[in-house]
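> Sharing work08.cif below, mmCIF, C-alpha atoms and all ligand atoms:
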```cif
data_query
loop_
_atom_site.label_atom_id
_atom_site.label_comp_id
_atom_site.auth_asym_id
_atom_site.auth_seq_id
_atom_site.Cartn_x
_atom_site.Cartn_y
_atom_site.Cartn_z
CA MET A 1 0.00 0.00 0.00
CA SER A 2 1.43 3.40 -0.93
CA LYS A 3 1.79 6.00 1.81
CA SER A 4 -0.51 8.45 -0.02
CA ALA A 5 -3.40 5.99 0.46
CA ILE A 6 -3.10 6.14 4.24
CA THR A 7 -5.94 8.24 5.58
CA CYS A 8 -6.66 9.43 9.13
CA ARG A 9 -9.75 7.65 10.42
CA VAL A 10 -10.80 10.80 12.33
CA CYS A 11 -10.27 13.77 10.00
CA SER A 12 -9.55 12.11 6.61
CA SER A 13 -6.22 13.88 6.28
CA GLN A 14 -3.53 12.04 4.34
CA ASN A 15 -0.83 14.05 6.05
CA GLN A 16 0.70 11.81 8.67
CA HIS A 17 3.94 10.31 9.94
CA GLU A 18 4.78 6.86 11.21
CA CYS A 19 5.01 7.01 14.99
CA LEU A 20 4.98 3.49 16.43
CA LEU A 21 5.86 0.01 15.30
CA ALA A 22 3.89 -2.17 17.69
CA LYS A 23 3.18 -5.80 18.47
CA ASP A 24 0.45 -7.46 20.48
CA VAL A 25 2.47 -7.06 23.67
CA ASN A 26 -0.63 -7.28 25.90
CA GLN A 27 -1.88 -10.68 24.79
CA ALA A 28 0.96 -11.97 22.55
CA LYS A 29 -1.43 -13.67 20.15
CA SER A 30 1.07 -13.32 17.31
CA ASP A 31 4.49 -11.92 16.53
CA THR A 32 3.15 -9.67 13.73
CA SER A 33 4.20 -6.01 13.66
CA PHE A 34 1.62 -3.24 13.26
CA PHE A 35 2.20 0.30 12.03
CA TYR A 36 0.68 3.24 13.86
CA TYR A 37 0.66 6.68 12.28
CA CYS A 38 0.16 10.07 13.87
CA CYS A 39 -2.06 12.45 11.90
CA ASN A 40 -0.26 15.77 11.39
CA ASP A 41 -3.60 17.59 11.28
CA CYS A 42 -5.58 16.21 14.25
CA ARG A 43 -2.81 14.29 16.09
CA SER A 44 -4.87 11.10 16.24
CA VAL A 45 -2.80 7.93 16.38
CA PHE A 46 -4.14 5.23 14.08
CA LEU A 47 -3.25 1.72 12.95
CA ASP A 48 -2.88 1.11 9.24
CA PRO A 49 -3.51 -1.27 7.64
CA VAL A 50 -6.11 -2.97 9.84
CA PRO A 51 -5.27 -6.71 9.88
CA ASP A 52 -7.68 -8.87 7.87
CA ASN A 53 -7.84 -11.33 10.77
CA LEU A 54 -8.71 -8.73 13.43
CA GLY A 55 -11.27 -11.10 15.00
CA PHE A 56 -8.44 -13.49 15.87
CA TYR A 57 -7.02 -10.87 18.27
CA TYR A 58 -10.21 -10.84 20.35
CA GLY A 59 -11.27 -14.46 20.75
CA GLN A 60 -12.87 -16.17 23.73
CA ASP A 61 -10.18 -15.05 26.18
CA TYR A 62 -10.56 -11.31 25.53
CA PRO A 63 -10.77 -9.99 29.13
CA ALA A 64 -13.73 -7.64 28.58
CA TYR A 65 -15.84 -10.55 27.30
CA ALA A 66 -15.52 -12.56 30.52
CA VAL A 67 -19.05 -12.95 31.88
CA LYS A 68 -17.82 -14.34 35.19
CA ASN A 69 -14.79 -13.48 37.28
CA SER A 70 -13.70 -14.07 40.87
CA LYS A 71 -15.89 -12.46 43.54
CA SER A 72 -13.35 -9.73 44.27
CA VAL A 73 -12.95 -8.84 40.57
CA GLU A 74 -16.74 -8.75 40.08
CA LYS A 75 -17.02 -6.46 43.10
CA LYS A 76 -14.46 -4.05 41.62
CA LEU A 77 -16.08 -4.14 38.18
CA ASN A 78 -19.52 -3.44 39.59
CA PHE A 79 -18.11 -0.53 41.60
CA LEU A 80 -16.72 0.95 38.37
CA GLU A 81 -20.08 0.51 36.61
CA ARG A 82 -21.83 2.38 39.42
CA GLU A 83 -19.27 5.19 39.09
CA LYS A 84 -20.00 5.39 35.35
CA LEU A 85 -23.69 5.65 36.14
CA LYS A 86 -22.98 8.70 38.31
CA ILE A 87 -21.53 10.45 35.23
CA VAL A 88 -24.66 9.61 33.23
CA LYS A 89 -26.97 10.83 36.01
CA ARG A 90 -25.29 14.23 36.03
CA HIS A 91 -26.81 14.81 32.60
CA VAL A 92 -29.89 12.60 32.16
CA SER A 93 -31.69 10.89 35.03
CA SER A 94 -34.06 8.62 33.10
CA GLY A 95 -35.15 7.50 29.63
CA ARG A 96 -33.83 5.43 26.77
CA LEU A 97 -30.15 4.47 27.24
CA VAL A 98 -28.22 2.75 24.45
CA GLU A 99 -24.81 1.29 25.15
CA VAL A 100 -22.50 0.55 22.23
CA GLY A 101 -20.18 -2.34 23.09
CA PRO A 102 -21.63 -3.43 26.45
CA ALA A 103 -19.43 -6.58 26.46
CA ALA A 104 -20.68 -8.73 29.37
CA GLY A 105 -23.46 -6.21 30.11
CA ARG A 106 -22.48 -5.10 33.61
CA PHE A 107 -23.14 -1.42 32.98
CA LEU A 108 -26.41 -2.16 31.16
CA SER A 109 -27.48 -4.15 34.18
CA VAL A 110 -26.64 -1.35 36.63
CA ALA A 111 -28.38 1.23 34.40
CA SER A 112 -31.46 -0.98 34.06
CA ARG A 113 -31.70 -1.35 37.85
CA ALA A 114 -31.47 2.45 38.11
CA GLY A 115 -34.59 2.74 35.93
CA TYR A 116 -33.21 3.44 32.45
CA ASP A 117 -34.81 1.69 29.48
CA VAL A 118 -31.67 0.01 28.18
CA LEU A 119 -30.52 -1.42 24.86
CA GLY A 120 -27.07 -2.81 24.04
CA ILE A 121 -25.38 -3.14 20.66
CA GLU A 122 -22.78 -5.88 21.03
CA GLN A 123 -20.62 -7.62 18.42
CA ASP A 124 -19.56 -10.65 20.46
CA VAL A 125 -22.06 -13.50 20.16
CA GLY A 126 -21.26 -14.97 23.61
CA CYS A 127 -21.80 -11.61 25.33
CA PHE A 128 -24.94 -10.95 23.27
CA GLU A 129 -26.44 -14.26 24.43
CA HIS A 130 -25.45 -13.60 28.04
CA ILE A 131 -27.13 -10.17 28.02
CA LYS A 132 -30.22 -11.50 26.28
CA ASN A 133 -30.70 -14.83 28.06
CA VAL A 134 -29.07 -14.42 31.47
CA LEU A 135 -29.45 -10.71 32.19
CA CYS A 136 -32.72 -10.56 30.21
CA LEU A 137 -31.96 -7.10 28.86
CA GLY A 138 -32.53 -5.55 25.43
CA VAL A 139 -29.60 -6.17 23.09
CA LYS A 140 -28.82 -6.41 19.39
CA GLN A 141 -25.93 -8.41 17.96
CA SER A 142 -23.96 -6.45 15.38
CA ASP A 143 -20.41 -5.42 14.54
CA LYS A 144 -21.76 -2.36 12.74
CA PRO A 145 -23.02 -0.04 15.50
CA ALA A 146 -23.43 2.82 13.02
CA ASP A 147 -26.04 0.80 11.12
CA GLU A 148 -27.92 -0.10 14.31
CA LEU A 149 -27.89 3.48 15.59
CA ALA A 150 -29.17 4.65 12.20
CA LEU A 151 -32.40 2.76 13.00
CA LEU A 152 -32.91 4.71 16.23
CA THR A 153 -33.29 8.26 14.89
CA ASP A 154 -34.26 10.86 17.51
CA SER A 155 -35.08 8.23 20.14
CA CYS A 156 -32.13 7.96 22.56
CA ASP A 157 -31.81 10.03 25.72
CA VAL A 158 -28.33 8.67 26.41
CA ILE A 159 -25.80 6.91 24.18
CA VAL A 160 -22.74 5.59 25.98
CA ALA A 161 -19.61 4.09 24.48
CA TRP A 162 -17.21 3.20 27.29
CA HIS A 163 -13.83 2.51 25.71
CA VAL A 164 -15.31 1.47 22.40
CA ILE A 165 -14.47 4.12 19.79
CA GLU A 166 -10.82 3.10 19.72
CA HIS A 167 -11.98 -0.28 18.34
CA LEU A 168 -14.19 1.05 15.54
CA GLN A 169 -13.24 0.99 11.88
CA ASP A 170 -16.17 3.19 10.87
CA LEU A 171 -15.58 5.85 13.45
CA ARG A 172 -17.10 8.73 11.51
CA GLY A 173 -20.13 6.63 10.60
CA PHE A 174 -20.64 5.88 14.30
CA VAL A 175 -20.53 9.57 15.27
CA SER A 176 -22.86 10.53 12.43
CA SER A 177 -25.46 7.87 13.35
CA ALA A 178 -25.15 8.55 17.09
CA ALA A 179 -25.75 12.28 16.57
CA LYS A 180 -28.95 11.50 14.63
CA ALA A 181 -30.08 8.87 17.15
CA LEU A 182 -30.03 11.35 20.04
CA ARG A 183 -33.39 12.67 21.11
CA GLN A 184 -33.32 16.39 20.50
CA PRO A 185 -32.64 18.67 22.14
CA TYR A 186 -31.47 17.15 25.42
CA GLY A 187 -29.98 13.72 24.63
CA VAL A 188 -26.33 13.13 25.51
CA ILE A 189 -23.50 11.03 24.09
CA ILE A 190 -20.89 9.92 26.62
CA ILE A 191 -17.62 8.60 25.27
CA SER A 192 -14.59 7.35 27.14
CA ALA A 193 -11.37 6.53 25.34
CA PRO A 194 -7.62 6.12 25.81
CA ASN A 195 -5.79 9.43 25.60
CA PRO A 196 -2.98 9.66 23.01
CA GLU A 197 -1.64 12.68 24.89
CA ALA A 198 -1.07 10.54 28.02
CA LEU A 199 2.26 10.90 29.77
CA SER A 200 2.55 7.12 30.15
CA LEU A 201 2.27 6.71 26.33
CA LYS A 202 5.03 9.27 25.80
CA LEU A 203 7.29 7.29 28.12
CA PHE A 204 6.44 3.71 27.14
CA GLY A 205 5.59 4.05 23.41
CA TYR A 206 4.73 0.69 21.83
CA CYS A 207 4.71 -0.96 25.28
CA TRP A 208 1.89 1.32 26.49
CA VAL A 209 -0.74 -1.06 27.77
CA HIS A 210 -3.61 1.08 26.43
CA LEU A 211 -2.25 1.04 22.87
CA ASP A 212 -3.39 -2.59 22.86
CA ALA A 213 -2.28 -3.31 19.28
CA PRO A 214 -3.94 -4.35 17.07
CA ARG A 215 -7.33 -4.18 18.86
CA HIS A 216 -7.14 -0.40 19.32
CA LEU A 217 -7.36 1.07 15.85
CA THR A 218 -7.52 4.77 16.69
CA LEU A 219 -6.52 6.89 19.67
CA ILE A 220 -8.18 10.30 19.46
CA PRO A 221 -7.04 13.39 21.36
CA LEU A 222 -9.88 15.19 23.07
CA PHE A 223 -9.70 18.27 20.85
CA ALA A 224 -9.93 16.09 17.71
CA LEU A 225 -12.97 14.29 19.12
CA ASP A 226 -14.50 17.73 19.86
CA ARG A 227 -13.92 18.72 16.24
CA LEU A 228 -15.44 15.51 14.90
CA MET A 229 -18.49 15.87 17.14
CA ALA A 230 -18.85 19.57 16.27
CA ALA A 231 -19.12 18.61 12.59
CA HIS A 232 -22.33 16.79 13.59
CA GLY A 233 -23.74 19.64 15.66
CA LEU A 234 -22.52 18.35 19.02
CA GLU A 235 -20.75 20.31 21.68
CA ARG A 236 -18.80 19.04 24.68
CA VAL A 237 -20.58 19.82 27.96
CA GLY A 238 -18.36 17.85 30.32
CA CYS A 239 -15.11 15.92 30.54
CA VAL A 240 -13.28 14.07 33.28
CA PHE A 241 -9.86 12.46 33.38
CA ASP A 242 -9.97 11.53 37.05
CA ASP A 243 -13.17 9.51 37.37
CA ALA A 244 -12.81 6.05 38.92
CA VAL A 245 -12.11 4.35 35.58
CA GLY A 246 -9.67 7.08 34.54
CA LEU A 247 -7.72 6.72 37.80
CA LEU A 248 -7.59 2.94 37.40
CA LEU A 249 -6.33 3.28 33.82
CA ASN A 250 -3.69 5.76 34.97
CA LYS A 251 -2.44 3.12 37.37
CA THR A 252 -2.47 0.29 34.82
CA GLY A 253 -0.93 2.70 32.30
CA TRP A 254 2.21 2.60 34.44
CA GLN A 255 2.07 -0.88 35.93
CA GLY A 256 0.98 -2.75 32.80
CA SER A 257 3.27 -0.78 30.51
CA LEU A 258 6.29 -1.42 32.72
CA ALA A 259 5.39 -5.12 32.78
CA ASN A 260 5.17 -5.09 28.95
CA PHE A 261 8.51 -3.30 28.69
CA SER A 262 10.19 -5.65 31.11
CA ARG A 263 8.82 -8.70 29.27
CA GLN A 264 9.94 -7.37 25.88
CA LYS A 265 13.43 -6.49 27.07
CA LYS A 266 13.71 -9.44 29.49
CA ILE A 267 15.28 -7.17 32.05
CA CYS A 268 13.53 -7.87 35.31
CA PRO A 269 11.87 -10.74 37.18
CA ARG A 270 8.07 -10.54 37.25
CA LEU A 271 7.73 -9.95 41.00
CA LEU A 272 10.23 -7.11 41.02
CA THR A 273 8.57 -5.56 37.95
CA ARG A 274 5.22 -5.70 39.74
CA LEU A 275 6.65 -3.96 42.79
CA LEU A 276 8.41 -1.31 40.69
CA GLY A 277 5.20 -0.80 38.67
CA ARG A 278 3.24 -0.07 41.84
CA MET A 279 5.86 2.41 43.00
CA LEU A 280 5.95 4.08 39.59
CA ALA A 281 2.14 4.43 39.53
CA ILE A 282 2.17 6.07 42.97
CA LEU A 283 4.99 8.42 41.97
CA MET A 284 3.36 9.43 38.68
CA ALA A 285 -0.18 9.83 40.03
CA PHE A 286 0.48 13.53 40.63
CA PHE A 287 1.67 14.12 37.04
CA ASP A 288 -1.25 12.12 35.60
CA ARG A 289 -3.59 14.70 37.05
CA ILE A 290 -1.86 17.63 35.37
CA HIS A 291 -3.50 19.01 32.20
CA ARG A 292 -4.64 16.08 30.00
CA ASN A 293 -1.76 13.81 31.02
CA GLY A 294 -4.11 11.05 32.15
CA ALA A 295 -4.41 7.71 30.37
CA ALA A 296 -8.09 8.15 29.46
CA TYR A 297 -10.90 10.68 29.31
CA THR A 298 -14.67 10.56 29.53
CA ALA A 299 -16.36 13.29 27.50
CA THR A 300 -20.05 14.21 27.27
CA TYR A 301 -21.65 15.86 24.24
CA LYS A 302 -25.00 17.46 23.56
CA HIS A 303 -26.62 18.97 20.50
CA ARG A 304 -25.80 22.64 20.21
CA THR A 305 -29.52 23.37 19.89
CA SER A 306 -30.03 22.09 23.46
CA LEU A 307 -27.58 24.68 24.75
CA ILE A 308 -29.44 27.46 22.88
CA VAL A 309 -32.82 26.19 24.16
CA GLY A 310 -31.34 25.89 27.67
CA LYS A 311 -30.15 29.51 27.59
CA LYS A 312 -33.56 30.73 26.37
CA GLU A 313 -35.30 28.79 29.13
CA LYS A 314 -33.14 30.51 31.74
ZN ZN B 401 -6.51 13.37 11.54
#
```
What's the structure tokens form of this structure?

Amino acid sequence: MSKSAITCRVCSSQNQHECLLAKDVNQAKSDTSFFYYCCNDCRSVFLDPVPDNLGFYYGQDYPAYAVKNSKSVEKKLNFLEREKLKIVKRHVSSGRLVEVGPAAGRFLSVASRAGYDVLGIEQDVGCFEHIKNVLCLGVKQSDKPADELALLTDSCDVIVAWHVIEHLQDLRGFVSSAAKALRQPYGVIIISAPNPEALSLKLFGYCWVHLDAPRHLTLIPLFALDRLMAAHGLERVGCVFDDAVGLLLNKTGWQGSLANFSRQKKICPRLLTRLLGRMLAILMAFFDRIHRNGAAYTATYKHRTSLIVGKKEK
């Protein structure tokens, strides 16, 4: 493939430079190398080309698809889901909530118990069946969320995509359909994603645990996401880097990345790496909280018309 054919998945620019040569260091499913480019226009980091066998890199053992974990892990996961719900409740307290990529359906379950009318759009068949048959919640099975959202025009009070957009090939299609699916004027889209401006990425490069090659196709800086959403009439009304999930990802951004680095370079026994990783995470926690250094963000968007209506109502 010639370099001129490489196009940024976020802004369509063909002006980019190669920034990372990565491998699947998180799950080591193959020894294949993957090229990541940095867009010179919007600074998004994107994988190109997308491997034809992308499905192989998910598989049954993909951690997010686990429907059952140990009691202590389930307790932690459910805590995080309740924290996500707090972010939703700040903006919309009831109504139709659609989650793109609910995986094992924990958040859907928490949101349903809180009174939201929930629907999931999930690509994994095992998770889809679990949500439908075990959790007994509304769910559609599809790997094309843009197409599913296109069927929901002006009907969603909340659309959430927790750490999903980095996996999408049709990113712009997703944003376009999501913007139309929002109930006007007050519906909200809440998106969380890994932050390509993170300090831990700058230090660990291809070993950064949240790069997660080749599953993460695009890492979008917040300002580029703002620009993409603005093109569909959406404006950011909130953003956090230090919510419970963000803080956890800051920690794993250091611990997991150091473990990846140590494994790649074969420099340190596992126990010592784990100890050093914990110390590093504690030391860097202060810097993670400085302007957009954190490993992930959660941003909320509304239609611009809602802000105009809101002002008039005041
Ligand atoms: Zn771009």
> At a cut-off of 12 Å around ligand ZN 401 (chain B), and using all atoms listed in the file, what residues come up? Please write them as a count of residues only.
33
> Within 12 Å of Val160 (chain A), counting only C-alpha atoms, which residues show up once you throw out same-chain ones fewer than 2 positions away? Write them as a ChimeraX atom specification, please.
/A:84-85,87-88,92,96-102,107-108,111,118-121,145,149,156-158,162-165,174-175,178-179,181-182,187-193,298-301
> Next, dump the selected residues to file, keeping only C-alpha atoms, as a JSON list (two decimals), in the frame of the given file.

```json
[["chain", "number", "residue", "atom", "x", "y", "z"],
["A", 84, "LYS", "CA", -20.00, 5.39, 35.35],
["A", 85, "LEU", "CA", -23.69, 5.65, 36.14],
["A", 87, "ILE", "CA", -21.53, 10.45, 35.23],
["A", 88, "VAL", "CA", -24.66, 9.61, 33.23],
["A", 92, "VAL", "CA", -29.89, 12.60, 32.16],
["A", 96, "ARG", "CA", -33.83, 5.43, 26.77],
["A", 97, "LEU", "CA", -30.15, 4.47, 27.24],
["A", 98, "VAL", "CA", -28.22, 2.75, 24.45],
["A", 99, "GLU", "CA", -24.81, 1.29, 25.15],
["A", 100, "VAL", "CA", -22.50, 0.55, 22.23],
["A", 101, "GLY", "CA", -20.18, -2.34, 23.09],
["A", 102, "PRO", "CA", -21.63, -3.43, 26.45],
["A", 107, "PHE", "CA", -23.14, -1.42, 32.98],
["A", 108, "LEU", "CA", -26.41, -2.16, 31.16],
["A", 111, "ALA", "CA", -28.38, 1.23, 34.40],
["A", 118, "VAL", "CA", -31.67, 0.01, 28.18],
["A", 119, "LEU", "CA", -30.52, -1.42, 24.86],
["A", 120, "GLY", "CA", -27.07, -2.81, 24.04],
["A", 121, "ILE", "CA", -25.38, -3.14, 20.66],
["A", 145, "PRO", "CA", -23.02, -0.04, 15.50],
["A", 149, "LEU", "CA", -27.89, 3.48, 15.59],
["A", 156, "CYS", "CA", -32.13, 7.96, 22.56],
["A", 157, "ASP", "CA", -31.81, 10.03, 25.72],
["A", 158, "VAL", "CA", -28.33, 8.67, 26.41],
["A", 162, "TRP", "CA", -17.21, 3.20, 27.29],
["A", 163, "HIS", "CA", -13.83, 2.51, 25.71],
["A", 164, "VAL", "CA", -15.31, 1.47, 22.40],
["A", 165, "ILE", "CA", -14.47, 4.12, 19.79],
["A", 174, "PHE", "CA", -20.64, 5.88, 14.30],
["A", 175, "VAL", "CA", -20.53, 9.57, 15.27],
["A", 178, "ALA", "CA", -25.15, 8.55, 17.09],
["A", 179, "ALA", "CA", -25.75, 12.28, 16.57],
["A", 181, "ALA", "CA", -30.08, 8.87, 17.15],
["A", 182, "LEU", "CA", -30.03, 11.35, 20.04],
["A", 187, "GLY", "CA", -29.98, 13.72, 24.63],
["A", 188, "VAL", "CA", -26.33, 13.13, 25.51],
["A", 189, "ILE", "CA", -23.50, 11.03, 24.09],
["A", 190, "ILE", "CA", -20.89, 9.92, 26.62],
["A", 191, "ILE", "CA", -17.62, 8.60, 25.27],
["A", 192, "SER", "CA", -14.59, 7.35, 27.14],
["A", 193, "ALA", "CA", -11.37, 6.53, 25.34],
["A", 298, "THR", "CA", -14.67, 10.56, 29.53],
["A", 299, "ALA", "CA", -16.36, 13.29, 27.50],
["A", 300, "THR", "CA", -20.05, 14.21, 27.27],
["A", 301, "TYR", "CA", -21.65, 15.86, 24.24]]
```
> Excluding region 205-211 of chain A and any residue of its chain fewer than 4 positions from it, enumerate the residues within 9 Å of it, using all atoms listed in the file, and give them as an MDAnalysis selection string.
chainID A and resid 19:23 25:26 194:196 200:201 215:219 249 252:261 264 295:296
> Go through A:His303, A:Lys86, A:Lys266, A:Lys251 one by one, measure the shortest atom-to-atom distance of each to Ile282 (chain A) using all atoms listed in the file, and give the residue with the smallest value.
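Of A:His303, A:Lys86, A:Lys266, A:Lys251, the one nearest Ile282 (chain A), counting all atoms listed in the file, is A:Lys251.
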> A:Ala231, A:Ala244, A:Leu199, A:Leu276: which is nearest Arg292 (chain A), counting only C-alpha atoms?
A:Leu199
> What does the distance between CA of Val237 (chain A) and CA of Lys76 (chain A) come to in Å, to one decimal place?
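Atom-to-atom, CA of Val237 (chain A) to CA of Lys76 (chain A), that is 28.2 Å.
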> Between A:Cys268, A:Tyr186, A:Gln60, A:Val240, which has the minimum distance to Ser94 (chain A) (counting all atoms listed in the file)?
A:Tyr186
> Would you mind telling me which residue in A:Gln141, A:Ser306, A:Ser112, A:Thr153 lies nearest to Ser177 (chain A) when using all atoms listed in the file?
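Counting all atoms listed in the file, the residue closest to Ser177 (chain A) is A:Thr153.
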> Which residue gives the smallest distance to His167 (chain A) among A:Lys144, A:Lys202, A:His130, A:Lys265, with all atoms listed in the file counted?
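Of the candidates, the smallest distance to His167 (chain A) is held by A:Lys144.
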